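What follows is a short report on a single structure.
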Amino acid sequence: MVHGKELSKPGIGLGFFDPDAFAEYVRCFNWKTIKGSCADYRACPTCDFEMDKADFEAGRKITVPLLVIWGAHSHTEGVHGNVIEVWQRGYATNARGGALPCGHYVPEEAPDDTLRWLLQHFKDKAGDA
């Protein structure tokens, strides 16, 4: 049974969660979702890497407008630096976004910033149609 500590990130805790939202996370954090999440992580260095490498070497990039947001206090920026530059440089022709002032749980920790990015992204996309 999940008690919540499994969802916490070191040094951040879970105080930013609305209690009802957190209860839903815990409810959904069962054997089936844990197994699926782990399978996804295991795929990263194996079949995902092989497919991504083949696309990169062939010069294939994501061509639809791509919104990339991440938590500035998560491991993502620490490992990859400016993530948007990584996407723009090698993987997408139309990527934009940025780091939000939060950790791993972007929508929960920075809901207003997340909403602003999403609304702008879809507004701009509607203008392209």
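Just remember, in the structure tokens the first chain shown is A, the second B, etc., residues are 1-based per chain, and ligands are 1-based in the order shown.
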Could you tell me, as a ChimeraX atom specification, which residues of region 13-126 of chain A DSSP assigns to alpha helix (DSSP H) when given the backbone?
/A:19-28,31-43,49-57,75-80,83-90,106-109,111-126
Give me the residues near region 109-112 of chain A as a list in words, where near means some atom within 8 Å (using only C-alpha atoms) and where sequence neighbours in that chain fewer than 5 positions away do not count.
Phe16, Phe17, Leu100, Pro101, Cys102 and Gly103 of chain A
Quick one: everything within 12 Å of region 43-58 of chain A, counting only C-alpha atoms, minus sequence neighbours fewer than 6 positions away in the same chain. Send it as a PyMOL selection string.
chain A and resi 36-37+87+89-92
Please produce a file of the residues just selected, as a PDB file, in the first residue's frame, where the atoms kept are N, CA, C and O atoms.
ATOM      1  N   GLY A  36       3.807  -0.079 -14.863  1.00  0.00           N
ATOM      2  CA  GLY A  36       3.841   0.654 -16.129  1.00  0.00           C
ATOM      3  C   GLY A  36       4.885   1.762 -16.119  1.00  0.00           C
ATOM      4  O   GLY A  36       5.615   1.949 -17.097  1.00  0.00           O
ATOM      5  N   SER A  37       4.971   2.497 -15.016  1.00  0.00           N
ATOM      6  CA  SER A  37       5.968   3.569 -14.904  1.00  0.00           C
ATOM      7  C   SER A  37       7.382   3.006 -14.984  1.00  0.00           C
ATOM      8  O   SER A  37       8.241   3.556 -15.679  1.00  0.00           O
ATOM      9  N   TRP A  87      16.160  20.682 -27.055  1.00  0.00           N
ATOM     10  CA  TRP A  87      15.110  20.323 -28.011  1.00  0.00           C
ATOM     11  C   TRP A  87      15.270  21.088 -29.324  1.00  0.00           C
ATOM     12  O   TRP A  87      15.143  20.517 -30.402  1.00  0.00           O
ATOM     13  N   ARG A  89      17.931  22.460 -30.608  1.00  0.00           N
ATOM     14  CA  ARG A  89      19.174  22.136 -31.309  1.00  0.00           C
ATOM     15  C   ARG A  89      19.082  20.824 -32.083  1.00  0.00           C
ATOM     16  O   ARG A  89      19.562  20.745 -33.213  1.00  0.00           O
ATOM     17  N   GLY A  90      18.457  19.792 -31.489  1.00  0.00           N
ATOM     18  CA  GLY A  90      18.568  18.512 -32.157  1.00  0.00           C
ATOM     19  C   GLY A  90      17.312  17.714 -32.385  1.00  0.00           C
ATOM     20  O   GLY A  90      17.366  16.697 -33.076  1.00  0.00           O
ATOM     21  N   TYR A  91      16.173  18.159 -31.835  1.00  0.00           N
ATOM     22  CA  TYR A  91      15.041  17.240 -31.859  1.00  0.00           C
ATOM     23  C   TYR A  91      13.733  17.819 -32.369  1.00  0.00           C
ATOM     24  O   TYR A  91      12.815  17.059 -32.664  1.00  0.00           O
ATOM     25  N   ALA A  92      13.612  19.123 -32.446  1.00  0.00           N
ATOM     26  CA  ALA A  92      12.342  19.720 -32.871  1.00  0.00           C
ATOM     27  C   ALA A  92      12.612  20.980 -33.680  1.00  0.00           C
ATOM     28  O   ALA A  92      13.577  21.696 -33.435  1.00  0.00           O
TER      29      ALA A  92
END
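Counting only C-alpha atoms and comparing A:Pro19, A:Gly71, A:Gly81, A:Gly59, the residue that lies closest to Pro107 (chain A) is A:Gly71.
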Could you pull out the strand (DSSP E) residues of chain A from DSSP and send them as a list in words?
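Written out, the strand (DSSP E) residues of chain A are Leu66, Leu67, Val68, Ile69, Trp70, Gly71, Ala95, Arg96, Gly97, Gly98, Ala99 and Leu100 of chain A.
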For Ala72 (chain A), which residue among A:His104, A:Tyr41, A:Glu24, A:Arg116 is the nearest when counting only C-alpha atoms?
A:His104
